[in-house]
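S.K.: Pasting input.pdb below, which is PDB, C-alpha atoms and all ligand atoms.
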ATOM      1  CA  MET A1112      23.611  -5.931   0.039
ATOM      2  CA  LYS A1113      24.719  -2.326   0.130
ATOM      3  CA  HIS A1114      26.486  -2.706  -3.208
ATOM      4  CA  ILE A1115      23.472  -4.284  -4.851
ATOM      5  CA  LEU A1116      21.294  -1.448  -3.619
ATOM      6  CA  LEU A1117      23.821   1.127  -4.758
ATOM      7  CA  PHE A1118      23.628  -0.303  -8.262
ATOM      8  CA  ALA A1119      19.835  -0.382  -8.035
ATOM      9  CA  GLY A1120      19.921   3.359  -7.559
ATOM     10  CA  TRP A1121      20.730   3.732 -11.225
ATOM     11  CA  ILE A1122      18.073   1.407 -12.632
ATOM     12  CA  PHE A1123      16.774   2.885 -15.855
ATOM     13  CA  CYS A1124      13.291   1.945 -16.940
ATOM     14  CA  ALA A1125      14.610   0.227 -20.059
ATOM     15  CA  LEU A1126      16.501  -2.234 -17.827
ATOM     16  CA  ALA A1127      13.962  -2.670 -15.022
ATOM     17  CA  HIS A1128      12.638  -6.189 -14.667
ATOM     18  CA  GLY A1129       9.989  -5.877 -11.980
ATOM     19  CA  ALA A1130       9.618  -8.270  -9.086
ATOM     20  CA  ASP A1131       8.552 -11.841  -8.333
ATOM     21  CA  PHE A1132       7.136 -10.852  -4.946
ATOM     22  CA  VAL A1133       5.442  -7.677  -3.752
ATOM     23  CA  VAL A1134       4.815  -6.785  -0.109
ATOM     24  CA  ALA A1135       2.630  -3.731   0.559
ATOM     25  CA  VAL A1136       2.622  -2.222   4.046
ATOM     26  CA  SER A1137       0.049   0.337   5.157
ATOM     27  CA  VAL A1138       0.880   2.247   8.322
ATOM     28  CA  ASP A1139      -2.502   3.423   9.577
ATOM     29  CA  GLY A1140      -2.427   7.141  10.371
ATOM     30  CA  LEU A1141       1.090   7.823   9.057
ATOM     31  CA  GLY A1142       0.983  11.506   8.163
ATOM     32  CA  SER A1143       4.216  12.543   6.444
ATOM     33  CA  GLY A1144       4.987  15.496   8.718
ATOM     34  CA  TYR A1145       4.886  13.414  11.896
ATOM     35  CA  MET A1146       7.057  10.756  10.284
ATOM     36  CA  GLN A1147       9.589  13.307   9.031
ATOM     37  CA  THR A1148      10.021  14.949  12.435
ATOM     38  CA  LEU A1149      10.963  11.570  13.921
ATOM     39  CA  VAL A1150      13.136  10.573  10.950
ATOM     40  CA  ASP A1151      15.051  13.839  11.313
ATOM     41  CA  ALA A1152      15.476  13.150  15.033
ATOM     42  CA  GLY A1153      17.035   9.772  14.229
ATOM     43  CA  LYS A1154      14.151   7.849  15.803
ATOM     44  CA  LEU A1155      12.925   5.901  12.762
ATOM     45  CA  PRO A1156      15.944   4.229  11.153
ATOM     46  CA  HIS A1157      13.931   2.035   8.780
ATOM     47  CA  PHE A1158      11.667   4.789   7.523
ATOM     48  CA  LYS A1159      14.861   6.775   7.030
ATOM     49  CA  GLN A1160      16.326   3.871   5.076
ATOM     50  CA  LEU A1161      13.262   3.987   2.832
ATOM     51  CA  GLU A1162      13.779   7.698   2.294
ATOM     52  CA  LEU A1163      17.407   7.081   1.332
ATOM     53  CA  GLN A1164      16.936   3.965  -0.802
ATOM     54  CA  SER A1165      13.458   3.974  -2.340
ATOM     55  CA  ALA A1166      11.638   5.470  -5.259
ATOM     56  CA  GLY A1167       9.464   7.572  -3.024
ATOM     57  CA  THR A1168       7.699  10.709  -1.978
ATOM     58  CA  THR A1169       6.422  12.130   1.279
ATOM     59  CA  ASN A1170       3.844  14.106  -0.690
ATOM     60  CA  ALA A1171       1.367  11.471  -1.875
ATOM     61  CA  ARG A1172      -2.384  11.781  -1.355
ATOM     62  CA  ASN A1173      -5.181   9.562  -0.104
ATOM     63  CA  ASP A1174      -8.742   9.582  -1.430
ATOM     64  CA  TYR A1175     -10.059  13.072  -2.160
ATOM     65  CA  ASP A1176     -13.422  12.693  -0.451
ATOM     66  CA  ILE A1177     -13.001  10.342   2.488
ATOM     67  CA  THR A1178      -9.921  10.034   4.713
ATOM     68  CA  VAL A1179     -10.715   7.105   6.991
ATOM     69  CA  THR A1180      -9.310   3.600   7.171
ATOM     70  CA  LEU A1181     -11.565   1.028   5.556
ATOM     71  CA  PRO A1182     -12.614   3.086   2.497
ATOM     72  CA  ASN A1183      -8.973   4.012   1.810
ATOM     73  CA  HIS A1184      -7.753   0.438   2.152
ATOM     74  CA  THR A1185     -10.510  -0.618  -0.228
ATOM     75  CA  SER A1186      -9.053   1.951  -2.654
ATOM     76  CA  MET A1187      -5.540   0.541  -2.223
ATOM     77  CA  LEU A1188      -6.766  -3.000  -2.915
ATOM     78  CA  THR A1189      -9.109  -2.137  -5.825
ATOM     79  CA  SER A1190      -7.270   0.931  -7.240
ATOM     80  CA  ARG A1191     -10.541   2.825  -7.395
ATOM     81  CA  PRO A1192     -11.684   6.093  -5.840
ATOM     82  CA  ILE A1193     -14.360   5.735  -3.162
ATOM     83  CA  LYS A1194     -17.207   7.809  -4.593
ATOM     84  CA  GLY A1195     -18.687   8.136  -8.081
ATOM     85  CA  SER A1196     -19.792   5.607 -10.666
ATOM     86  CA  ALA A1197     -16.275   4.181 -10.986
ATOM     87  CA  GLY A1198     -15.753   4.234  -7.221
ATOM     88  CA  HIS A1199     -15.782   1.085  -5.119
ATOM     89  CA  GLY A1200     -18.533   2.690  -3.020
ATOM     90  CA  TRP A1201     -17.394   1.418   0.400
ATOM     91  CA  THR A1202     -17.818   4.408   2.749
ATOM     92  CA  SER A1203     -18.350   2.703   6.104
ATOM     93  CA  ASN A1204     -15.492   2.532   8.590
ATOM     94  CA  THR A1205     -16.877   0.016  11.054
ATOM     95  CA  ASP A1206     -16.951  -3.788  11.155
ATOM     96  CA  PRO A1207     -19.079  -4.792   8.165
ATOM     97  CA  ALA A1208     -22.545  -6.136   8.906
ATOM     98  CA  LYS A1209     -22.868  -9.896   8.619
ATOM     99  CA  GLY A1210     -22.935 -11.088   5.013
ATOM    100  CA  VAL A1211     -22.301  -7.647   3.487
ATOM    101  CA  THR A1212     -19.522  -7.506   0.881
ATOM    102  CA  ILE A1213     -17.955  -4.758  -1.230
ATOM    103  CA  HIS A1214     -19.956  -6.171  -4.149
ATOM    104  CA  SER A1215     -23.351  -6.363  -2.428
ATOM    105  CA  ASN A1216     -22.854  -2.799  -1.206
ATOM    106  CA  LYS A1217     -21.988  -1.550  -4.704
ATOM    107  CA  GLY A1218     -24.513  -3.725  -6.528
ATOM    108  CA  ALA A1219     -21.732  -4.972  -8.835
ATOM    109  CA  TYR A1220     -18.597  -7.093  -8.514
ATOM    110  CA  ILE A1221     -15.576  -4.993  -7.521
ATOM    111  CA  ALA A1222     -12.374  -6.801  -8.468
ATOM    112  CA  SER A1223      -9.210  -6.376  -6.395
ATOM    113  CA  VAL A1224      -5.480  -6.881  -6.687
ATOM    114  CA  PHE A1225      -6.128 -10.275  -5.084
ATOM    115  CA  ASP A1226      -8.372 -11.301  -8.018
ATOM    116  CA  VAL A1227      -5.801 -10.585 -10.724
ATOM    117  CA  ALA A1228      -2.865 -12.047  -8.803
ATOM    118  CA  HIS A1229      -4.733 -15.173  -7.734
ATOM    119  CA  ASP A1230      -6.304 -15.799 -11.146
ATOM    120  CA  HIS A1231      -2.739 -15.864 -12.502
ATOM    121  CA  GLY A1232      -1.635 -18.491 -10.037
ATOM    122  CA  LYS A1233      -0.037 -16.203  -7.463
ATOM    123  CA  ARG A1234      -0.322 -16.857  -3.737
ATOM    124  CA  THR A1235      -1.988 -13.924  -1.952
ATOM    125  CA  GLY A1236      -2.233 -12.832   1.666
ATOM    126  CA  LEU A1237      -3.584 -10.106   3.920
ATOM    127  CA  TRP A1238      -2.320  -9.482   7.462
ATOM    128  CA  ALA A1239      -4.368  -6.889   9.355
ATOM    129  CA  THR A1240      -4.569  -5.335  12.821
ATOM    130  CA  LYS A1241      -8.191  -4.121  12.710
ATOM    131  CA  THR A1242     -11.157  -6.495  12.794
ATOM    132  CA  LYS A1243     -12.979  -4.556  10.053
ATOM    133  CA  PHE A1244     -10.528  -5.926   7.484
ATOM    134  CA  SER A1245     -12.763  -9.003   7.596
ATOM    135  CA  LEU A1246     -14.532  -7.090   4.790
ATOM    136  CA  PHE A1247     -11.803  -8.259   2.418
ATOM    137  CA  GLN A1248     -11.763 -11.819   3.705
ATOM    138  CA  LEU A1249     -15.504 -12.127   3.096
ATOM    139  CA  SER A1250     -15.633 -10.193  -0.197
ATOM    140  CA  TYR A1251     -12.963 -12.368  -1.800
ATOM    141  CA  ASP A1252     -13.728 -15.784  -0.286
ATOM    142  CA  ALA A1253     -14.795 -18.974  -2.097
ATOM    143  CA  GLU A1254     -18.418 -17.883  -2.057
ATOM    144  CA  HIS A1255     -18.145 -14.163  -2.896
ATOM    145  CA  GLY A1256     -15.034 -14.000  -5.092
ATOM    146  CA  ALA A1257     -15.567 -14.026  -8.860
ATOM    147  CA  PRO A1258     -15.111 -17.165 -10.950
ATOM    148  CA  ASP A1259     -11.611 -17.360 -12.452
ATOM    149  CA  THR A1260     -12.101 -17.073 -16.204
ATOM    150  CA  THR A1261      -8.378 -16.980 -17.114
ATOM    151  CA  ALA A1262      -6.675 -20.010 -18.728
ATOM    152  CA  THR A1263      -6.214 -22.088 -15.572
ATOM    153  CA  ASP A1264      -9.019 -22.026 -12.997
ATOM    154  CA  HIS A1265      -7.592 -21.102  -9.588
ATOM    155  CA  GLY A1266     -10.992 -20.903  -7.966
ATOM    156  CA  ARG A1267     -13.129 -18.158  -6.472
ATOM    157  CA  ASN A1268     -11.239 -17.758  -3.201
ATOM    158  CA  LYS A1269      -8.816 -14.916  -4.043
ATOM    159  CA  LEU A1270      -7.111 -14.739  -0.640
ATOM    160  CA  ASP A1271      -4.917 -17.689   0.312
ATOM    161  CA  VAL A1272      -4.033 -16.245   3.712
ATOM    162  CA  PHE A1273      -6.008 -13.904   5.959
ATOM    163  CA  LYS A1274      -4.626 -13.114   9.389
ATOM    164  CA  TYR A1275      -5.857 -10.767  12.065
ATOM    165  CA  ASN A1276      -3.909  -9.822  15.171
ATOM    166  CA  LYS A1277      -4.546  -6.697  17.231
ATOM    167  CA  ALA A1278      -0.820  -6.120  17.755
ATOM    168  CA  SER A1279       1.539  -5.290  14.893
ATOM    169  CA  ARG A1280       4.493  -6.903  16.630
ATOM    170  CA  ALA A1281       2.774 -10.307  16.834
ATOM    171  CA  LEU A1282       1.298  -9.867  13.364
ATOM    172  CA  THR A1283       4.734  -9.126  11.918
ATOM    173  CA  ALA A1284       6.206 -12.196  13.594
ATOM    174  CA  ASP A1285       3.466 -14.306  12.021
ATOM    175  CA  PHE A1286       3.981 -12.637   8.650
ATOM    176  CA  VAL A1287       7.735 -13.252   8.669
ATOM    177  CA  ARG A1288       7.206 -16.878   9.694
ATOM    178  CA  ALA A1289       4.617 -17.402   6.954
ATOM    179  CA  MET A1290       6.749 -15.754   4.261
ATOM    180  CA  ASN A1291       9.720 -17.928   5.222
ATOM    181  CA  GLU A1292       7.536 -21.030   5.081
ATOM    182  CA  GLN A1293       5.520 -20.443   1.903
ATOM    183  CA  PRO A1294       5.812 -16.919   0.533
ATOM    184  CA  CYS A1295       2.900 -15.017  -0.984
ATOM    185  CA  GLN A1296       3.706 -13.360  -4.292
ATOM    186  CA  PHE A1297       1.409 -10.540  -3.185
ATOM    187  CA  ALA A1298       1.046  -9.765   0.501
ATOM    188  CA  PHE A1299      -0.574  -6.795   2.217
ATOM    189  CA  VAL A1300       0.246  -5.887   5.825
ATOM    190  CA  HIS A1301      -1.578  -3.316   7.973
ATOM    191  CA  PHE A1302      -0.203  -1.679  11.161
ATOM    192  CA  VAL A1303      -2.652  -0.069  13.616
ATOM    193  CA  GLU A1304      -0.769   1.416  16.593
ATOM    194  CA  ALA A1305      -0.008   4.937  15.345
ATOM    195  CA  ASP A1306      -3.696   5.450  14.555
ATOM    196  CA  SER A1307      -4.834   4.133  17.949
ATOM    197  CA  ALA A1308      -2.334   6.359  19.762
ATOM    198  CA  GLY A1309      -3.389   9.320  17.612
ATOM    199  CA  HIS A1310      -7.033   8.872  18.563
ATOM    200  CA  GLY A1311      -6.156   8.361  22.206
ATOM    201  CA  SER A1312      -3.501  11.034  22.778
ATOM    202  CA  GLY A1313      -3.295  13.076  19.569
ATOM    203  CA  TRP A1314      -1.223  12.917  16.381
ATOM    204  CA  GLY A1315       2.347  13.900  17.203
ATOM    205  CA  SER A1316       1.876  13.171  20.921
ATOM    206  CA  GLU A1317       4.423  11.207  22.916
ATOM    207  CA  ALA A1318       2.253   8.087  22.706
ATOM    208  CA  PHE A1319       1.874   8.516  18.946
ATOM    209  CA  ASN A1320       5.628   8.900  18.513
ATOM    210  CA  ALA A1321       6.282   5.837  20.662
ATOM    211  CA  ALA A1322       3.891   3.848  18.466
ATOM    212  CA  LEU A1323       5.718   4.943  15.308
ATOM    213  CA  ILE A1324       9.039   3.958  16.853
ATOM    214  CA  GLU A1325       7.647   0.502  17.600
ATOM    215  CA  LEU A1326       6.280   0.210  14.054
ATOM    216  CA  ASP A1327       9.661   1.222  12.653
ATOM    217  CA  GLY A1328      10.950  -1.949  14.305
ATOM    218  CA  CYS A1329       8.207  -4.034  12.655
ATOM    219  CA  LEU A1330       9.011  -2.452   9.306
ATOM    220  CA  GLY A1331      12.665  -3.291   9.892
ATOM    221  CA  GLN A1332      11.791  -6.955  10.403
ATOM    222  CA  ILE A1333       9.993  -7.004   7.066
ATOM    223  CA  MET A1334      12.893  -5.241   5.315
ATOM    224  CA  ASP A1335      15.271  -7.730   6.921
ATOM    225  CA  LEU A1336      13.125 -10.640   5.687
ATOM    226  CA  ILE A1337      13.185  -9.245   2.149
ATOM    227  CA  SER A1338      16.951  -8.650   2.245
ATOM    228  CA  THR A1339      17.977 -12.001   3.701
ATOM    229  CA  ASN A1340      15.501 -14.746   2.740
ATOM    230  CA  PRO A1341      17.136 -16.556  -0.215
ATOM    231  CA  ALA A1342      13.848 -16.856  -2.128
ATOM    232  CA  LEU A1343      12.914 -13.195  -1.637
ATOM    233  CA  LYS A1344      16.282 -11.455  -1.785
ATOM    234  CA  GLY A1345      16.688  -9.330  -4.911
ATOM    235  CA  ARG A1346      13.277 -10.448  -6.184
ATOM    236  CA  THR A1347      10.924  -8.571  -3.858
ATOM    237  CA  ALA A1348       9.517  -5.057  -3.971
ATOM    238  CA  LEU A1349       8.195  -3.363  -0.827
ATOM    239  CA  ILE A1350       5.552  -0.637  -1.068
ATOM    240  CA  VAL A1351       4.945   1.456   2.063
ATOM    241  CA  THR A1352       2.138   3.993   2.336
ATOM    242  CA  ALA A1353      -0.747   5.053   4.598
ATOM    243  CA  ASP A1354      -4.506   5.496   4.563
ATOM    244  CA  HIS A1355      -4.375   8.987   6.101
ATOM    245  CA  GLY A1356      -2.471  11.195   8.532
ATOM    246  CA  GLY A1357      -4.233  12.934  11.377
ATOM    247  CA  LYS A1358      -4.741  16.150  13.317
ATOM    248  CA  ASP A1359      -5.445  16.545  17.027
ATOM    249  CA  LYS A1360      -7.270  13.266  17.735
ATOM    250  CA  ASN A1361      -8.951  12.607  14.414
ATOM    251  CA  HIS A1362      -8.580  12.398  10.653
ATOM    252  CA  ALA A1363     -12.059  12.879   9.228
ATOM    253  CA  GLN A1364     -11.414  16.321   7.732
ATOM    254  CA  ALA A1365     -10.524  15.431   4.131
ATOM    255  CA  ASP A1366      -9.134  18.871   3.229
ATOM    256  CA  ALA A1367      -6.632  19.168   6.103
ATOM    257  CA  PRO A1368      -2.972  18.963   4.931
ATOM    258  CA  ALA A1369      -1.885  16.945   8.002
ATOM    259  CA  ILE A1370      -4.515  14.357   7.041
ATOM    260  CA  TYR A1371      -4.129  14.188   3.261
ATOM    261  CA  THR A1372      -0.305  14.293   3.093
ATOM    262  CA  ILE A1373       1.077  10.760   3.245
ATOM    263  CA  PRO A1374       4.218   8.909   2.115
ATOM    264  CA  PHE A1375       4.511   6.449  -0.755
ATOM    265  CA  PHE A1376       7.755   4.459  -0.950
ATOM    266  CA  VAL A1377       8.764   1.629  -3.297
ATOM    267  CA  TRP A1378      11.926  -0.209  -2.228
ATOM    268  CA  GLY A1379      13.742  -3.281  -3.491
ATOM    269  CA  ALA A1380      13.456  -5.179  -6.764
ATOM    270  CA  GLY A1381      12.873  -2.903  -9.737
ATOM    271  CA  ALA A1382      12.960   0.305  -7.723
ATOM    272  CA  ALA A1383      15.548   3.035  -8.213
ATOM    273  CA  TYR A1384      16.341   5.662  -5.555
ATOM    274  CA  GLY A1385      14.905   9.057  -6.025
ATOM    275  CA  ASP A1386      11.846  11.250  -6.103
ATOM    276  CA  LEU A1387       8.816   9.454  -7.517
ATOM    277  CA  TYR A1388       7.531  12.715  -8.993
ATOM    278  CA  ALA A1389      10.825  13.220 -10.836
ATOM    279  CA  PHE A1390      10.552   9.688 -12.246
ATOM    280  CA  ASN A1391       6.984  10.409 -13.393
ATOM    281  CA  SER A1392       7.292  13.898 -14.794
ATOM    282  CA  GLY A1393       4.318  14.585 -17.067
ATOM    283  CA  ALA A1394       2.283  11.633 -15.804
ATOM    284  CA  ARG A1395       2.051  12.696 -12.130
ATOM    285  CA  ARG A1396       2.390  16.152 -10.620
ATOM    286  CA  ASP A1397       3.681  17.016  -7.173
ATOM    287  CA  PRO A1398       0.696  18.832  -5.681
ATOM    288  CA  ALA A1399       2.897  20.920  -3.319
ATOM    289  CA  GLY A1400       0.549  21.726  -0.420
ATOM    290  CA  THR A1401      -2.671  21.475  -2.407
ATOM    291  CA  HIS A1402      -5.510  18.933  -2.409
ATOM    292  CA  PRO A1403      -6.214  18.035  -6.043
ATOM    293  CA  ALA A1404      -9.617  16.558  -6.864
ATOM    294  CA  TYR A1405      -9.988  13.520  -9.112
ATOM    295  CA  GLY A1406      -9.873  14.641 -12.728
ATOM    296  CA  GLU A1407      -7.129  17.214 -12.244
ATOM    297  CA  ALA A1408      -4.295  16.273 -14.602
ATOM    298  CA  PRO A1409      -1.617  15.231 -14.140
ATOM    299  CA  PRO A1410      -2.822  13.666 -10.897
ATOM    300  CA  PRO A1411      -0.814  13.379  -7.675
ATOM    301  CA  ILE A1412       0.486   9.968  -6.608
ATOM    302  CA  ARG A1413      -2.261   8.345  -4.517
ATOM    303  CA  ASN A1414      -2.321   5.452  -2.061
ATOM    304  CA  GLY A1415      -4.971   3.866  -4.302
ATOM    305  CA  GLU A1416      -2.264   3.132  -6.871
ATOM    306  CA  VAL A1417      -0.904   0.305  -4.713
ATOM    307  CA  GLY A1418      -2.997  -2.446  -6.356
ATOM    308  CA  ASN A1419      -2.172  -1.696  -9.965
ATOM    309  CA  LEU A1420       1.464  -0.872  -9.211
ATOM    310  CA  ALA A1421       1.886  -4.208  -7.432
ATOM    311  CA  LEU A1422       0.380  -6.068 -10.383
ATOM    312  CA  HIS A1423       2.575  -4.164 -12.823
ATOM    313  CA  LEU A1424       5.672  -5.141 -10.833
ATOM    314  CA  LEU A1425       4.502  -8.772 -10.959
ATOM    315  CA  GLY A1426       4.142  -8.527 -14.757
ATOM    316  CA  LEU A1427       0.327  -8.580 -14.651
ATOM    317  CA  GLY A1428      -2.274  -6.248 -16.146
ATOM    318  CA  PRO A1429      -4.495  -3.838 -14.215
ATOM    319  CA  ILE A1430      -7.493  -4.640 -12.012
ATOM    320  CA  PRO A1431     -10.650  -4.731 -14.159
ATOM    321  CA  GLY A1432     -12.695  -1.566 -13.664
ATOM    322  CA  SER A1433      -9.907   0.247 -11.790
ATOM    323  CA  LYS A1434      -9.105   3.953 -12.261
ATOM    324  CA  LEU A1435      -5.917   4.673 -10.283
ATOM    325  CA  ASP A1436      -2.734   3.798 -12.197
ATOM    326  CA  ALA A1437      -5.074   1.931 -14.538
ATOM    327  CA  GLN A1438      -2.540   2.568 -17.333
ATOM    328  CA  GLN A1439       0.117   1.101 -15.018
ATOM    329  CA  ASP A1440       2.362   3.987 -15.989
ATOM    330  CA  LEU A1441       3.664   4.821 -12.486
ATOM    331  CA  LYS A1442       7.425   4.495 -12.896
ATOM    332  CA  ILE A1443       9.704   3.492 -10.026
ATOM    333  CA  CYS A1444      12.845   3.708 -12.139
ATOM    334  CA  ARG A1445      14.726   6.464 -13.900
ATOM    335  CA  PRO A1446      13.349   7.575 -17.273
ATOM    336  CA  VAL A1447      15.852   6.733 -20.017
ATOM    337  CA  PRO A1448      17.861   9.907 -20.738
ATOM    338  CA  GLY A1449      16.477  11.551 -23.868
ATOM    339  CA  GLY A1450      13.923   8.739 -24.109
TER     340      GLY A1450
HETATM  341 ZN    ZN B1501      -8.244   6.299  12.755
END
Written as structure tokens, that's how I'd like the structure from this file.
M.R.:
Amino acid sequence: MKHILLFAGWIFCALAHGADFVVAVSVDGLGSGYMQTLVDAGKLPHFKQLELQSAGTTNARNDYDITVTLPNHTSMLTSRPIKGSAGHGWTSNTDPAKGVTIHSNKGAYIASVFDVAHDHGKRTGLWATKTKFSLFQLSYDAEHGAPDTTATDHGRNKLDVFKYNKASRALTADFVRAMNEQPCQFAFVHFVEADSAGHGSGWGSEAFNAALIELDGCLGQIMDLISTNPALKGRTALIVTADHGGKDKNHAQADAPAIYTIPFFVWGAGAAYGDLYAFNSGARRDPAGTHPAYGEAPPPIRNGEVGNLALHLLGLGPIPGSKLDAQQDLKICRPVPGG
């Protein structure tokens, strides 16, 4: 495996072939600074492995306006900002009221990565550790999902699997079992414990660090699955990012560096090793310590790019109506020299 990965480090974009499976993991509350302190202390071997082997950055950004969980995950899954006419409009961060969907809230259908993948015959899944993720289950079910107007009708239910478990360890075990049994071509996994510990004891506290160490183990199980399962090995890309960081015991302040500075790693099939900003010179700009608004060009890499990047890796076009990586030009490979 090491040799394969070593070769992958030199993938040029002209030779990149994408992936047959994409797994996206969101670590709720994973501010880059807190992660880096523990990586440097040797406490997070799998996050460290991502830093050493992925196309990545620890200087990505979340949504400009709102830095809480459900709105940012809606951005990841729809590749839209939250506010504005092109935004998905979901600003609430509590369990959705009965019968309310992303579409009814916006007054228009808001397509997701699940729509495009499922309409093209891909199996899709969402594993979450907060009950409010039921928003996605309801918004994309057989009643509320859009009709499939592509060549073959795969139905209105865009999510083949939806699982909730309050504990990431149990959720990961279920995810690994399910992927071994009948893999999803696009799967999204959400880990809660760092966020809960941050709210309870503070970001960077002992409890927060212990939660991240536990989640590093869960991440390792997913990386192990991808590296060893015969169907997934060499054919699967893993995206790891976060909805927000945190400061003291909260993360509502959108212009606080500890809250808006998050990682974005792409590891496995199709991904080279190196700095994502270096791979995307001209199309994305490392914002250093700043907090660029939407419209500033080139933009920073944002967590909301997950949906369209995943589809691009799967060889599919962008989410209709999306704005983040809508050109699907985020490169996870080395630009061809002189090209
Ligand atoms: Zn939180």
S.K.: Write out as JSON lines the residues of range 1302-1354 of chain A that have any atom within 12 Å of an atom of range 1141-1154 of chain A, one row each with the nearest atom pair and its distance in Å to one decimal, counting all atoms listed in the file, sorted by chain and then rising number.
M.R.:
{"residue": "A:Phe1302", "atom": "CA", "partner": "A:Leu1141", "partner_atom": "CA", "distance": 9.8}
{"residue": "A:Val1303", "atom": "CA", "partner": "A:Leu1141", "partner_atom": "CA", "distance": 9.9}
{"residue": "A:Glu1304", "atom": "CA", "partner": "A:Leu1141", "partner_atom": "CA", "distance": 10.1}
{"residue": "A:Ala1305", "atom": "CA", "partner": "A:Leu1141", "partner_atom": "CA", "distance": 7.0}
{"residue": "A:Asp1306", "atom": "CA", "partner": "A:Leu1141", "partner_atom": "CA", "distance": 7.7}
{"residue": "A:Ser1307", "atom": "CA", "partner": "A:Leu1141", "partner_atom": "CA", "distance": 11.3}
{"residue": "A:Ala1308", "atom": "CA", "partner": "A:Leu1141", "partner_atom": "CA", "distance": 11.3}
{"residue": "A:Gly1309", "atom": "CA", "partner": "A:Leu1141", "partner_atom": "CA", "distance": 9.8}
{"residue": "A:Gly1313", "atom": "CA", "partner": "A:Tyr1145", "partner_atom": "CA", "distance": 11.2}
{"residue": "A:Trp1314", "atom": "CA", "partner": "A:Tyr1145", "partner_atom": "CA", "distance": 7.6}
{"residue": "A:Gly1315", "atom": "CA", "partner": "A:Tyr1145", "partner_atom": "CA", "distance": 5.9}
{"residue": "A:Ser1316", "atom": "CA", "partner": "A:Tyr1145", "partner_atom": "CA", "distance": 9.5}
{"residue": "A:Glu1317", "atom": "CA", "partner": "A:Leu1149", "partner_atom": "CA", "distance": 11.1}
{"residue": "A:Phe1319", "atom": "CA", "partner": "A:Tyr1145", "partner_atom": "CA", "distance": 9.1}
{"residue": "A:Asn1320", "atom": "CA", "partner": "A:Leu1149", "partner_atom": "CA", "distance": 7.5}
{"residue": "A:Ala1321", "atom": "CA", "partner": "A:Lys1154", "partner_atom": "CA", "distance": 9.5}
{"residue": "A:Ala1322", "atom": "CA", "partner": "A:Leu1141", "partner_atom": "CA", "distance": 10.6}
{"residue": "A:Leu1323", "atom": "CA", "partner": "A:Met1146", "partner_atom": "CA", "distance": 7.8}
{"residue": "A:Ile1324", "atom": "CA", "partner": "A:Lys1154", "partner_atom": "CA", "distance": 6.5}
{"residue": "A:Glu1325", "atom": "CA", "partner": "A:Lys1154", "partner_atom": "CA", "distance": 10.0}
{"residue": "A:Leu1326", "atom": "CA", "partner": "A:Leu1141", "partner_atom": "CA", "distance": 10.5}
{"residue": "A:Asp1327", "atom": "CA", "partner": "A:Lys1154", "partner_atom": "CA", "distance": 8.6}
{"residue": "A:Gly1328", "atom": "CA", "partner": "A:Lys1154", "partner_atom": "CA", "distance": 10.4}
{"residue": "A:Val1351", "atom": "CA", "partner": "A:Leu1141", "partner_atom": "CA", "distance": 10.2}
{"residue": "A:Thr1352", "atom": "CA", "partner": "A:Leu1141", "partner_atom": "CA", "distance": 7.8}
{"residue": "A:Ala1353", "atom": "CA", "partner": "A:Leu1141", "partner_atom": "CA", "distance": 5.6}
{"residue": "A:Asp1354", "atom": "CA", "partner": "A:Leu1141", "partner_atom": "CA", "distance": 7.5}
S.K.: Hey, which bits of range 1301-1406 of chain A sit within 8 Å of range 1167-1177 of chain A, and for each residue what's the closest pair of atoms and how far apart in Å (one decimal), counting only C-alpha atoms, rows by chain and increasing number, as CSV?
M.R.:
residue,atom,partner,partner_atom,distance
A:Ala1353,CA,A:Asn1173,CA,7.9
A:Asp1354,CA,A:Asn1173,CA,6.2
A:His1355,CA,A:Asn1173,CA,6.3
A:Ala1363,CA,A:Ile1177,CA,7.3
A:Ala1365,CA,A:Ile1177,CA,5.9
A:Asp1366,CA,A:Tyr1175,CA,8.0
A:Tyr1371,CA,A:Arg1172,CA,5.5
A:Thr1372,CA,A:Arg1172,CA,5.5
A:Ile1373,CA,A:Ala1171,CA,5.2
A:Pro1374,CA,A:Thr1169,CA,4.0
A:Phe1375,CA,A:Thr1168,CA,5.5
A:Phe1376,CA,A:Gly1167,CA,4.1
A:Val1377,CA,A:Gly1167,CA,6.0
A:Tyr1384,CA,A:Gly1167,CA,7.6
A:Gly1385,CA,A:Gly1167,CA,6.4
A:Asp1386,CA,A:Gly1167,CA,5.4
A:Leu1387,CA,A:Gly1167,CA,4.9
A:Tyr1388,CA,A:Thr1168,CA,7.3
A:Asp1397,CA,A:Asn1170,CA,7.1
A:Pro1398,CA,A:Asn1170,CA,7.6
A:Ala1399,CA,A:Asn1170,CA,7.4
A:His1402,CA,A:Tyr1175,CA,7.4
A:Pro1403,CA,A:Tyr1175,CA,7.4
A:Ala1404,CA,A:Tyr1175,CA,5.9
A:Tyr1405,CA,A:Tyr1175,CA,7.0
S.K.: To one decimal place in Å, what is the distance between CA of Thr1240 in chain A and CA of Leu1282 in chain A?
M.R.: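 Atom-to-atom, CA of Thr1240 in chain A and CA of Leu1282 in chain A are spaced 7.4 Å apart.
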S.K.: Between A:Asp1259, A:Asp1359, A:Asp1139, A:Asp1436, single out the one closest to ligand ZN 1501 (chain B), counting all atoms listed in the file.
M.R.: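 Smallest distance to ligand ZN 1501 (chain B) is found for A:Asp1139.
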S.K.: For this file, the PyMOL selection byres (((not hetatm)) within 7 of (chain B and resi 1501)) selects which residues, as number ranges by chain?
M.R.: A: 1140, 1179-1180, 1306-1307, 1310, 1361-1362
S.K.: I'd like the interatomic distance between CA of Arg1445 in chain A and CA of Leu1424 in chain A, to a tenth of an Å.
M.R.: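 Answer for the CA of Arg1445 in chain A to CA of Leu1424 in chain A separation: 15.0 Å.
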S.K.: Nearest residue to His1128 in chain A out of A:Ala1222, A:Thr1339, A:Leu1270, A:Ala1348, using only C-alpha atoms?
M.R.: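 Of all the options, A:Ala1348 lies closest to His1128 in chain A.
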